[in-house]
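Participant: Please find query-v2.cif (mmCIF, C-alpha atoms) on the next line:
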```cif
data_my_file
loop_
_atom_site.label_atom_id
_atom_site.label_comp_id
_atom_site.auth_asym_id
_atom_site.auth_seq_id
_atom_site.Cartn_x
_atom_site.Cartn_y
_atom_site.Cartn_z
CA MET A 1152 -23.91 -22.87 16.27
CA GLU A 1153 -21.24 -21.55 13.93
CA GLN A 1154 -17.80 -23.13 14.11
CA ASN A 1155 -15.01 -21.04 15.56
CA PHE A 1156 -11.96 -20.45 13.30
CA ASP A 1157 -10.25 -17.87 15.54
CA LEU A 1158 -6.48 -17.97 15.96
CA PRO A 1159 -6.00 -15.83 19.07
CA GLU A 1160 -2.34 -16.88 19.38
CA ILE A 1161 -1.36 -14.78 16.31
CA HIS A 1162 -3.15 -11.63 17.53
CA THR A 1163 0.04 -9.81 18.46
CA PRO A 1164 1.15 -6.29 17.49
CA GLU A 1165 4.03 -7.58 15.31
CA ASN A 1166 1.58 -9.69 13.24
CA LEU A 1167 -0.85 -6.81 12.76
CA VAL A 1168 -1.44 -6.11 9.06
CA TYR A 1169 -4.38 -3.78 9.12
CA THR A 1170 -6.55 -2.00 11.63
CA LYS A 1171 -8.72 1.10 11.64
CA THR A 1172 -6.62 4.25 11.89
CA LYS A 1173 -6.77 6.40 15.00
CA VAL A 1174 -7.54 9.50 12.91
CA LEU A 1175 -11.08 8.13 12.58
CA THR A 1176 -13.09 8.34 15.77
CA ASP A 1177 -14.85 5.30 17.22
CA ASN A 1178 -18.30 6.67 16.37
CA VAL A 1179 -20.34 4.30 14.23
CA MET A 1180 -20.88 6.00 10.86
CA HIS A 1181 -24.46 6.83 9.94
CA TYR A 1182 -23.94 5.83 6.28
CA CYS A 1183 -26.02 3.03 4.77
CA PRO A 1184 -24.43 -0.45 4.63
CA GLY A 1185 -21.91 -0.65 1.78
CA CYS A 1186 -21.71 3.10 1.10
CA GLY A 1187 -18.49 4.37 -0.47
CA HIS A 1188 -18.43 7.33 1.91
CA GLY A 1189 -17.17 5.10 4.73
CA THR A 1190 -14.30 3.76 2.60
CA THR A 1191 -13.36 7.25 1.42
CA HIS A 1192 -13.42 8.60 4.99
CA ARG A 1193 -11.06 5.82 5.99
CA LEU A 1194 -8.70 6.54 3.07
CA VAL A 1195 -8.53 10.25 3.93
CA ALA A 1196 -7.86 9.38 7.58
CA GLU A 1197 -5.15 6.89 6.61
CA VAL A 1198 -3.43 9.43 4.36
CA ILE A 1199 -3.51 12.03 7.16
CA ASP A 1200 -2.12 9.41 9.55
CA GLU A 1201 0.67 8.32 7.18
CA MET A 1202 1.70 11.90 6.41
CA GLY A 1203 1.67 12.70 10.14
CA ILE A 1204 -0.32 15.90 9.62
CA GLN A 1205 -3.20 15.24 12.02
CA GLY A 1206 -2.55 18.49 13.84
CA GLN A 1207 -2.07 20.59 10.68
CA VAL A 1208 -5.05 19.57 8.60
CA ILE A 1209 -8.39 21.39 8.46
CA GLY A 1210 -11.35 19.76 6.74
CA VAL A 1211 -14.49 21.41 5.45
CA ALA A 1212 -17.66 19.33 5.66
CA PRO A 1213 -20.43 19.83 3.09
CA VAL A 1214 -24.19 19.48 3.17
CA GLY A 1215 -25.43 16.10 2.00
CA CYS A 1216 -24.90 12.57 3.25
CA SER A 1217 -21.46 13.51 4.57
CA VAL A 1218 -22.75 16.53 6.53
CA LEU A 1219 -21.72 14.82 9.77
CA ALA A 1220 -18.18 14.04 8.56
CA TYR A 1221 -16.79 16.06 11.50
CA ASN A 1222 -18.12 13.37 13.86
CA TYR A 1223 -15.84 10.77 12.30
CA PHE A 1224 -12.53 12.58 11.74
CA ASP A 1225 -10.35 13.33 14.75
CA ILE A 1226 -9.09 16.57 13.13
CA ASP A 1227 -10.19 20.21 12.95
CA MET A 1228 -13.31 20.47 10.81
CA GLN A 1229 -15.57 23.30 9.73
CA GLU A 1230 -19.11 22.95 8.42
CA ALA A 1231 -19.94 25.02 5.33
CA ALA A 1232 -23.25 26.18 3.91
CA HIS A 1233 -24.66 24.05 1.09
CA GLY A 1234 -22.20 24.09 -1.82
CA ARG A 1235 -19.92 26.72 -0.29
CA ALA A 1236 -17.17 24.42 0.98
CA PRO A 1237 -14.55 25.59 -1.60
CA ALA A 1238 -15.25 29.20 -0.63
CA VAL A 1239 -14.88 28.41 3.07
CA ALA A 1240 -11.72 26.40 2.35
CA THR A 1241 -10.34 29.36 0.38
CA GLY A 1242 -10.76 31.58 3.43
CA ILE A 1243 -9.21 29.05 5.79
CA LYS A 1244 -6.23 28.47 3.49
CA ARG A 1245 -5.58 32.19 3.08
CA VAL A 1246 -5.61 32.72 6.86
CA PHE A 1247 -3.54 29.58 7.55
CA PRO A 1248 -1.36 29.07 4.44
CA ASP A 1249 0.75 26.45 6.26
CA LYS A 1250 -2.19 24.14 7.05
CA PHE A 1251 -3.47 21.38 4.81
CA VAL A 1252 -7.05 22.29 3.87
CA PHE A 1253 -9.46 19.92 2.17
CA THR A 1254 -13.15 19.87 1.33
CA TYR A 1255 -15.21 16.70 1.21
CA GLN A 1256 -18.28 17.10 -1.00
CA GLY A 1257 -20.93 15.05 -2.72
CA ASP A 1258 -22.31 15.59 -6.20
CA GLY A 1259 -25.40 17.48 -5.04
CA ASP A 1260 -23.17 19.86 -3.10
CA LEU A 1261 -20.24 20.32 -5.49
CA ALA A 1262 -21.87 19.86 -8.91
CA ALA A 1263 -25.33 21.34 -8.30
CA ILE A 1264 -25.74 24.16 -5.79
CA GLY A 1265 -22.00 24.74 -5.45
CA THR A 1266 -20.98 24.72 -9.13
CA GLY A 1267 -20.12 28.43 -9.02
CA GLU A 1268 -17.95 28.14 -5.91
CA THR A 1269 -16.23 25.01 -7.25
CA ILE A 1270 -15.42 26.49 -10.64
CA HIS A 1271 -14.23 29.81 -9.27
CA ALA A 1272 -12.10 28.22 -6.55
CA CYS A 1273 -10.54 25.96 -9.20
CA ASN A 1274 -10.09 28.85 -11.61
CA ARG A 1275 -8.42 31.03 -8.97
CA GLY A 1276 -6.04 28.16 -8.29
CA GLU A 1277 -6.52 28.07 -4.53
CA ASN A 1278 -4.02 25.73 -2.93
CA ILE A 1279 -6.61 23.30 -1.51
CA THR A 1280 -7.67 19.68 -2.00
CA ILE A 1281 -11.23 18.94 -3.12
CA LEU A 1282 -12.62 15.43 -2.63
CA PHE A 1283 -15.73 14.85 -4.70
CA ILE A 1284 -17.94 11.79 -4.10
CA ASN A 1285 -20.06 11.13 -7.17
CA ASN A 1286 -22.91 8.66 -6.82
CA GLY A 1287 -25.18 10.16 -9.47
CA ILE A 1288 -28.06 10.84 -7.12
CA TYR A 1289 -29.16 12.98 -4.16
CA GLY A 1290 -28.70 10.33 -1.51
CA MET A 1291 -29.62 12.17 1.70
CA THR A 1292 -32.93 13.65 0.57
CA GLY A 1293 -34.36 10.45 -0.89
CA GLY A 1294 -32.76 9.65 -4.23
CA GLN A 1295 -33.78 12.58 -6.43
CA MET A 1296 -32.16 13.29 -9.79
CA ALA A 1297 -28.80 15.07 -9.55
CA PRO A 1298 -26.83 16.87 -12.28
CA THR A 1299 -24.60 13.78 -12.44
CA THR A 1300 -27.47 11.28 -12.91
CA LEU A 1301 -26.87 9.09 -15.97
CA PRO A 1302 -29.16 9.33 -19.04
CA GLY A 1303 -32.02 6.88 -18.60
CA MET A 1304 -31.30 6.29 -14.91
CA PRO A 1305 -34.48 6.09 -12.81
CA THR A 1306 -34.59 8.24 -9.68
CA SER A 1307 -37.46 9.32 -7.46
CA THR A 1308 -37.95 12.53 -9.49
CA SER A 1309 -37.35 10.82 -12.86
CA PRO A 1310 -39.14 7.47 -12.36
CA TYR A 1311 -39.06 6.63 -16.07
CA GLY A 1312 -35.34 7.41 -16.33
CA ARG A 1313 -33.53 10.67 -17.02
CA ASP A 1314 -34.80 12.07 -20.31
CA VAL A 1315 -31.90 14.07 -21.74
CA LYS A 1316 -34.20 16.11 -24.01
CA MET A 1317 -36.24 17.39 -21.11
CA MET A 1318 -33.84 17.25 -18.14
CA GLY A 1319 -30.55 18.04 -19.82
CA ASN A 1320 -27.27 16.20 -20.00
CA PRO A 1321 -25.25 14.86 -17.04
CA LEU A 1322 -22.49 17.19 -15.88
CA LYS A 1323 -18.94 15.84 -16.02
CA ILE A 1324 -17.57 18.44 -13.66
CA THR A 1325 -14.21 16.71 -13.24
CA GLU A 1326 -13.42 17.11 -16.95
CA LEU A 1327 -14.74 20.66 -16.71
CA VAL A 1328 -12.42 21.74 -13.88
CA ALA A 1329 -9.47 19.99 -15.56
CA MET A 1330 -9.76 22.57 -18.34
CA LEU A 1331 -9.20 25.44 -15.88
CA PRO A 1332 -5.68 26.80 -15.46
CA GLY A 1333 -5.92 26.82 -11.65
CA THR A 1334 -6.09 23.05 -11.22
CA TYR A 1335 -2.86 21.12 -10.72
CA PHE A 1336 -4.03 17.54 -10.23
CA VAL A 1337 -7.39 16.17 -11.39
CA THR A 1338 -8.25 12.49 -11.19
CA ARG A 1339 -11.22 10.14 -11.04
CA GLN A 1340 -11.09 7.06 -8.83
CA ALA A 1341 -13.43 4.46 -7.32
CA VAL A 1342 -13.42 2.50 -4.05
CA HIS A 1343 -15.49 -0.63 -4.63
CA THR A 1344 -12.71 -3.21 -5.12
CA PRO A 1345 -9.44 -3.70 -3.18
CA ALA A 1346 -7.26 -2.71 -6.18
CA LEU A 1347 -9.23 0.48 -6.79
CA VAL A 1348 -9.11 1.36 -3.08
CA ARG A 1349 -5.30 1.13 -3.16
CA LYS A 1350 -5.18 3.34 -6.28
CA ALA A 1351 -7.61 5.85 -4.79
CA LYS A 1352 -5.49 6.08 -1.66
CA LYS A 1353 -2.42 6.93 -3.75
CA ALA A 1354 -4.40 9.63 -5.55
CA ILE A 1355 -5.63 11.13 -2.26
CA ARG A 1356 -2.08 11.04 -0.90
CA MET A 1357 -0.83 12.88 -4.00
CA ALA A 1358 -3.64 15.43 -3.66
CA PHE A 1359 -2.51 16.22 -0.10
CA GLU A 1360 1.20 16.22 -0.98
CA ASN A 1361 0.52 18.74 -3.76
CA GLN A 1362 -0.48 21.34 -1.17
CA LYS A 1363 3.19 21.60 -0.18
CA LEU A 1364 4.00 22.76 -3.74
CA ASN A 1365 1.48 25.62 -3.74
CA ARG A 1366 0.54 25.15 -7.40
CA GLY A 1367 -3.26 25.06 -7.33
CA VAL A 1368 -6.27 22.90 -6.68
CA SER A 1369 -6.01 19.11 -6.39
CA PHE A 1370 -9.33 17.60 -7.33
CA VAL A 1371 -10.13 13.92 -6.67
CA GLU A 1372 -13.44 12.48 -7.82
CA ILE A 1373 -14.53 9.17 -6.27
CA VAL A 1374 -17.23 7.34 -8.24
CA SER A 1375 -19.27 5.68 -5.52
CA ASN A 1376 -22.41 3.66 -5.07
CA CYS A 1377 -25.66 4.77 -3.44
CA ASN A 1378 -27.44 1.55 -2.50
CA SER A 1379 -30.43 3.23 -0.92
CA GLY A 1380 -30.91 5.74 -3.73
CA TRP A 1381 -30.41 3.16 -6.46
CA LYS A 1382 -32.69 0.70 -4.57
CA LEU A 1383 -30.21 -2.16 -4.86
CA PRO A 1384 -28.40 -4.37 -2.32
CA PRO A 1385 -24.72 -3.31 -1.91
CA VAL A 1386 -23.14 -6.09 -3.97
CA GLN A 1387 -25.59 -5.58 -6.86
CA ALA A 1388 -25.13 -1.81 -6.60
CA ILE A 1389 -21.39 -2.31 -7.14
CA LYS A 1390 -22.14 -4.44 -10.21
CA TRP A 1391 -24.49 -1.76 -11.51
CA LEU A 1392 -21.78 0.84 -10.89
CA GLU A 1393 -19.26 -1.14 -12.91
CA GLU A 1394 -21.68 -1.70 -15.78
CA ASN A 1395 -23.25 1.75 -15.98
CA MET A 1396 -21.34 4.43 -14.07
CA LEU A 1397 -17.79 3.52 -15.10
CA PRO A 1398 -18.37 3.61 -18.91
CA PHE A 1399 -19.76 7.12 -18.52
CA TYR A 1400 -17.29 8.25 -15.84
CA PRO A 1401 -14.05 6.49 -16.90
CA LEU A 1402 -11.47 6.09 -14.14
CA GLY A 1403 -7.97 7.50 -14.33
CA ASP A 1404 -5.91 10.66 -14.09
CA ILE A 1405 -7.12 13.60 -16.16
CA LYS A 1406 -4.52 16.19 -15.21
CA VAL A 1407 -1.20 15.48 -13.49
CA ASN A 1408 1.34 18.12 -12.45
CA GLY A 1409 -0.63 20.78 -14.29
CA GLU A 1410 -0.50 18.93 -17.63
CA MET A 1411 -3.47 17.22 -19.25
CA VAL A 1412 -2.97 13.46 -19.57
CA SER A 1413 -3.35 12.52 -23.24
CA LYS A 1414 -5.88 9.75 -23.80
CA MET B 1116 7.90 -21.79 0.73
CA ALA B 1117 6.83 -20.69 4.13
CA LYS B 1118 3.14 -21.02 4.69
CA VAL B 1119 1.29 -17.85 5.53
CA LYS B 1120 -1.40 -17.93 8.15
CA GLY B 1121 -3.78 -15.05 8.61
CA ASP B 1122 -6.67 -14.20 10.82
CA VAL B 1123 -9.34 -11.52 10.81
CA VAL B 1124 -11.09 -10.04 13.82
CA ILE B 1125 -14.51 -8.60 13.05
CA ASP B 1126 -16.12 -6.01 15.28
CA ILE B 1127 -19.60 -7.49 14.94
CA GLU B 1128 -21.38 -4.62 16.68
CA ARG B 1129 -20.13 -2.12 14.05
CA CYS B 1130 -20.66 -4.45 11.06
CA LYS B 1131 -23.59 -3.42 8.86
CA GLY B 1132 -23.77 -6.62 6.82
CA CYS B 1133 -23.12 -5.11 3.37
CA GLU B 1134 -21.33 -8.32 2.20
CA ILE B 1135 -18.65 -6.41 0.24
CA CYS B 1136 -15.92 -8.23 2.20
CA ASN B 1137 -17.34 -11.60 1.11
CA THR B 1138 -16.83 -10.75 -2.56
CA ALA B 1139 -13.37 -9.23 -1.95
CA CYS B 1140 -11.94 -12.32 -0.20
CA PRO B 1141 -9.86 -14.49 -2.58
CA ASN B 1142 -10.32 -17.65 -0.44
CA GLN B 1143 -14.02 -17.32 0.45
CA VAL B 1144 -13.17 -17.13 4.14
CA LEU B 1145 -15.97 -14.73 5.00
CA SER B 1146 -19.70 -15.25 4.90
CA MET B 1147 -22.71 -13.76 6.65
CA SER B 1148 -23.93 -14.95 10.03
CA THR B 1149 -27.40 -16.35 10.57
CA GLN B 1150 -27.52 -14.33 13.79
CA VAL B 1151 -27.90 -10.56 13.99
CA ASN B 1152 -26.12 -7.90 16.04
CA SER B 1153 -27.84 -5.41 18.32
CA LYS B 1154 -28.81 -3.22 15.34
CA GLY B 1155 -30.40 -6.13 13.49
CA TYR B 1156 -27.70 -6.55 10.84
CA ARG B 1157 -26.35 -9.97 9.87
CA PHE B 1158 -22.63 -9.63 10.45
CA ALA B 1159 -19.63 -11.13 8.64
CA ILE B 1160 -18.12 -14.33 10.07
CA LYS B 1161 -15.30 -16.70 9.18
CA VAL B 1162 -16.44 -19.98 7.64
CA ASN B 1163 -13.06 -21.67 7.11
CA ALA B 1164 -9.42 -21.41 8.17
CA ASP B 1165 -7.94 -20.45 4.77
CA CYS B 1166 -7.24 -16.79 5.60
CA ILE B 1167 -3.89 -15.59 4.21
CA GLY B 1168 -4.00 -12.15 5.81
CA CYS B 1169 -4.15 -10.25 2.50
CA ALA B 1170 -6.34 -7.54 4.09
CA ASN B 1171 -8.52 -7.17 1.00
CA CYS B 1172 -11.64 -7.47 3.17
CA ALA B 1173 -10.38 -4.80 5.56
CA ILE B 1174 -9.51 -2.24 2.89
CA VAL B 1175 -12.90 -2.44 1.18
CA CYS B 1176 -14.87 -2.46 4.43
CA PRO B 1177 -16.76 0.86 4.50
CA ASP B 1178 -17.00 0.85 8.27
CA GLY B 1179 -13.47 -0.27 9.11
CA VAL B 1180 -14.65 -3.14 11.32
CA ILE B 1181 -11.99 -5.67 10.28
CA THR B 1182 -8.56 -6.05 11.87
CA VAL B 1183 -6.12 -8.36 10.07
CA TYR B 1184 -3.18 -10.36 11.47
CA LYS B 1185 -0.67 -12.36 9.47
CA THR B 1186 2.22 -14.64 10.38
CA LYS B 1187 4.50 -17.22 8.75
CA VAL B 1188 4.37 -20.79 10.07
#
```
Written as structure tokens, how would this file's structure read?
Facilitator:
Amino acid sequence: MEQNFDLPEIHTPENLVYTKTKVLTDNVMHYCPGCGHGTTHRLVAEVIDEMGIQGQVIGVAPVGCSVLAYNYFDIDMQEAAHGRAPAVATGIKRVFPDKFVFTYQGDGDLAAIGTGETIHACNRGENITILFINNGIYGMTGGQMAPTTLPGMPTSTSPYGRDVKMMGNPLKITELVAMLPGTYFVTRQAVHTPALVRKAKKAIRMAFENQKLNRGVSFVEIVSNCNSGWKLPPVQAIKWLEENMLPFYPLGDIKVNGEMVSK
Amino acid sequence: MAKVKGDVVIDIERCKGCEICNTACPNQVLSMSTQVNSKGYRFAIKVNADCIGCANCAIVCPDGVITVYKTKV
């Protein structure tokens, strides 16, 4: 029997440091153990809670692993067709210019089938927030190669690794949209360590605050792990992410307040 | 210097046993149980009383199962 180290006498509201926000529902998420989607959902919910905009925010759910995101957020959500979340968000924002509108998309949704919608929404400078979860693989359908898959990375449709000569180069869509005049804030973050989670939360907060300024798209990429698709246990997947994903997708701000950040 | 005492409460039925909290904890307070919850996952448990209430485990937990309390003694 395991020893009990509980201290029930300090479990009082004034000693509370951290608990799950009420903007997330109590449904158990369907994501695999250790998936970055859960952490990102929580960060978005915490930002909405801290800004006090629960009643004024409208989310657009994508197709992909996060297709059921509307089950977990206690806010107004709309489901979009595959890749069309920025187009749906454009419509919602134009009808309700006072609401905070965000899309939550994976790499198969935003960088593959929805590249056209993403680039045109960013180029038009719609006043929305786009959250982009990049795990370099199609997680929901069984780990097939995505446009963001790294060179040499094995997936179920490239079992010997991605051959750049035959399958093309990975798409760095975050750098691509930063070049467009319609984007106001473009950043790349990760959520696998406590320090990076705190930074990512600040970036998401800034992306939502920017909607008050009406200056264009705020685009936040989260480099995440896909344990099931990468066929690794969560802790090793995080190590693999640090060794392989982060050198190719370096973290940091790319465009702040409409100005490119010089490297 | 006042000593800080922390405690974590883990919702074991929602825990999926990914072990990310174990690596995030600076004092190695958390480890995995030998028992499983109703979904068959080994859940996180406390293995010592060194918790300082830093909430690192809670902010990396993908499923938000950890509640953190902290007090000065």
Participant: For stretch 1336-1346 of chain A, work out the shell of residues within 6 Å, counting all atoms listed in the file and skipping chain neighbours fewer than 2 positions away, then give it as a PyMOL selection string.
Facilitator: (chain A and resi 1334+1348-1349+1351+1369-1374+1402-1408) or (chain B and resi 1171+1175)
Participant: When you get a sec, could you note down which chain A residues fall within 6 Å of chain B, using all atoms listed in the file, as a VMD selection string?
Facilitator: chain A and resid 1156 1166 to 1171 1184 to 1185 1189 to 1190 1345 1385
Participant: Please indicate the distance in Å from atom CA of A:Thr1172 to atom CA of A:Val1211, rounded to one decimal place.
Facilitator: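 Going from atom CA of A:Thr1172 over to atom CA of A:Val1211, I get 19.9 Å.
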Participant: Can you spell out as number ranges by chain the set of residues that the PyMOL selection byres ((chain A and resi 1226-1229) around 9) selects in the structure I just provided?
Facilitator: A: 1174-1175, 1205-1213, 1220-1221, 1223-1225, 1230-1231, 1236, 1239-1240
Participant: Just to confirm, what's the straight-line distance from atom CA of A:Val1195 to atom CA of A:Ile1355 in Å (one decimal)?
Facilitator: 6.9 Å
Participant: Rounded to one decimal place, report the atom CA of A:Tyr1311-atom CA of A:Thr1325 distance in Å.
Facilitator: 27.0 Å
